[in-house]
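Notes follow the structure.
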Amino acid sequence: MAAAAHVLVLPWPLQGHINCMLHFATGLAGAGVHVTFLHTEYNLRRLARRAPSSADASPRLRFLSIPDGLPDDHPRSVDGLLELAASMLATATGEYRSLLSSLSSASDAVVVGFPPVTCVVADGLMAWAIDIAEELGVPALAFRTASACSFLAYLSVPELLESGELPFPAGGGGGGLDEPVRGVPGMEGFLRRRDLPIQCRRRGDAMLRTLVDLTVHSRKARALILNTAASLEHAALAHIAARMRDVFAIGPLHAMHPTPSGSLWREDDGCMAWLDAQADRSVVYVSLGSLAVISHEQLAEFLSGLVAAGYPFLWVLRPDSMVAASQNQDNATPQEAIRAAAGNNKARIVAWAPQRDVLRHRAVGCFLTHAGWNSTLEGLVEGVPMVCWPFFADQQINSRFVGAVWRNGMDMKDVCERDVVERTVREAMESDEIRRSAEALAQQVKRDIAAGGSSATEFQRLVGFIRELSTSSATSGVN
Ligand code: UDP
């Protein structure tokens with residue numbers, strides 16, 4: 001008889017990573033696998049304050065935590081990420097090692113009713129979690145929460161360096177970014193320099209090296225899990241599969257395994273009543289995710305383009321949305337500036353929205369997004385036309401896929417100019433062609449996640465793989 005499978009799921013402690021790994025964990029628990037979801041103490045406290053009941057999602061899913069080593073007031077948006085990574089390495093690794101060692105031992109008495117941990121699924125950005133698990137004899141799988149196309153782009157960086165595609169020619173102040181890139185398999189013909197990870201624009205960027213190393217490291221894991229669907233990223237997945245031990249494309253997870261919200265911020269539901277009062281497909285929903293920050297200059301430029309486009313809008317402006325060092329000339333808060341420019345009736349501002357409900361609302365006509373992968377998938381599943389204003393990580397390449405491959409929206413590139421904002425928002429709101437593509441894409445992805453579809457089938461294969469691992473670790477006496 002197969003040993004009971006128990007997976008320790010460890011997300012990188014940021015909203016986008018937590019959300020999709022939580023959907024994954026819920027799906028596993030639903031398939032009869034025990035799951036321990038490991039938050040940082042800081043995030044678990046935030047979640048408990050915001051939604052105390054989220055811990056009761058399933059009797060097979062429990063939440064534990066380890067410290068991230070930082071004080072609560074440390075910024076955890078894009079400004080504090082390097083410190084977070086360093087602190088996790090210094091503090092969390094030791095805690096994780098002893099927790100895993102205890103949870104994977106048969107004599108574990110930490111929580112009654114859960115079998116020993118038989119497998120770890122760690123965010124691929126936490127290579128140490130994969131290494132430590134294997135050292136302890138617990139098989140580890142890597143989960144990358146970004147798109148397959150961006151994973152492949154990172155994977156291709158060493159060859160791009162070798163072939164001379166990278167680094168970009170010096171000088172030019174960003175010139176040449178629209179030049180094509182050769183050497184990312186399957187993307188010849190539409191990939192431009194500007195679509196590669198933004199660190200490629202800086203010669204010898206240490207962060208690029210780190211991200212490439214982490215991507216290559218995923219090859220060491222027993223398998224790679226991606227939150228995507230074969231019909232969306234077929235070519236990229238095939239090229240990745242050729243270089244990995246095994247690959248599972250099991251998304252979009254939020255649509256396959258819906259969970260109660262895992263929001264770290266309190267969701268402002270009041271915006272739903274505001275949407276109820278708006279006409280069908282009349283509203284632009286603006287959200288730049290959980291990390292991106294903008295300067296007051298960008299806010300002014302973007303705002304004037306958005307107002308000129310002439311549609312009512314719902315804008316998510318987190319308390320930490322503004323670049324800390326950027327100065328506002330006339331002392332108005334961003335909220336005051338937005339209300340003054342748009343008028344109270346045309347603009348609704350929230351600090352955090354119930355995004356999936358918003359995107360599903362009949363009043364939303366277009367999603368102005370930073371093209372984070374979760375947001376991209378959420379907009380895509382609802383068939384909402386998108387305008388993409390990418391900032392970093394996989395956002396540039398996701399934007400390119402939206403604009404040039406899937407054609408369910410417009411790629412505004414990472415330059416924010418009022419005329420461009422006005423024009424692209426109008427086009428996304430009015431174009432029948434974009435809407436038709438967006439709706440067709442949504443239908444296609446819904447087929448992937450329905451019973452018998454590629455993602456649903458891959459998810460079942462993954463559950464089988466995980467059960468198989470638990471049997472082999474039991475027979476090899478690891479536990
Ligand atoms: N999100 C939300 N409410 C908001 C803004 C964002 O619930 O007001 C969620 C969104 O649904 C998505 C996640 O936050 O699941 C953001 O992840 P994404 O990968 O899009 O971007 P990141 O925050 O990692 O840049």
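Labeling convention for the structure tokens: chains A, B, ... as they appear, residues from 1 per chain, ligands from 1 in order of appearance.
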Practice task
Using backbone DSSP assignments, extract all strand (DSSP E or B) residues from region 171-303 of chain A; output them as a VMD selection string.
Solution key: chain A and resid 180 192 224 to 226 247 to 249 283 to 287 294
Practice task
Find the residues around Tyr154 (chain A) up to 7 Å (only C-alpha atoms counted), leave out those fewer than 4 positions away in its own chain, and share them as a VMD selection string.
Solution key: chain A and resid 150 212 215
Output of the above residues as a PDB file, in the first residue's frame, restricted to N, CA and C atoms:
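Saved as result_16.pdb:
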```
ATOM      1  N   SER A 150       8.928  33.441 -19.413  1.00  0.00           N
ATOM      2  CA  SER A 150       9.989  34.158 -18.699  1.00  0.00           C
ATOM      3  C   SER A 150      11.006  33.163 -18.145  1.00  0.00           C
ATOM      4  N   VAL A 212      19.363  34.028 -12.957  1.00  0.00           N
ATOM      5  CA  VAL A 212      19.727  32.956 -13.891  1.00  0.00           C
ATOM      6  C   VAL A 212      20.188  31.724 -13.104  1.00  0.00           C
ATOM      7  N   THR A 215      17.281  29.952 -11.718  1.00  0.00           N
ATOM      8  CA  THR A 215      16.529  29.243 -12.761  1.00  0.00           C
ATOM      9  C   THR A 215      17.230  27.945 -13.125  1.00  0.00           C
TER      10      THR A 215
END
```
Problem - Within 6 Å of ligand 1, counting only C-alpha atoms and all ligand atoms, residues as a list in words - result: Gln15, Gly16, Asn19, Ser263, Ser287, Gly289, Ser290, Leu291, Val316, Trp352, Ala353, Pro354, Gln355, Arg356, Gly372, Trp373, Asn374 and Ser375 of chain A
Exercise for the section: Find the residues around Met410 (chain A) up to 7 Å (only C-alpha atoms counted), leave out those fewer than 6 positions away in its own chain, and share them as a list of chain:residue names. Expected result: A:Met386, A:Val387, A:Cys388, A:Val402, A:Gly403, A:Thr424, A:Ala428
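Among the candidate residues A:Ala340, A:Ala241, A:Ala86, A:Ile66, the one lying nearest to Arg45 (chain A) is A:Ile66, with distances computed using only C-alpha atoms.
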Exercise for the section: Might you pull out every residue within 9 Å of Val425 (chain A), with only C-alpha atoms counted and same-chain residues fewer than 2 positions away left off, and present them as a ChimeraX atom specification? Expected result: /A:284,305-306,309,366,368,386-387,410,420-423,427-430
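For the pair CA of Ile349 (chain A) and CA of Arg76 (chain A), the interatomic distance is 21.9 Å.
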Handout entry: Interatomic distance, CA of Pro252 (chain A) to CA of Arg400 (chain A) (Å, one decimal)
Key =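 Separation of CA of Pro252 (chain A) and CA of Arg400 (chain A): 18.8 Å.
Using only C-alpha atoms, the shortest contact distance between Ser304 (chain A) and any of A:Glu417, A:Glu188, A:Asp131, A:Glu41 is found at A:Glu417.
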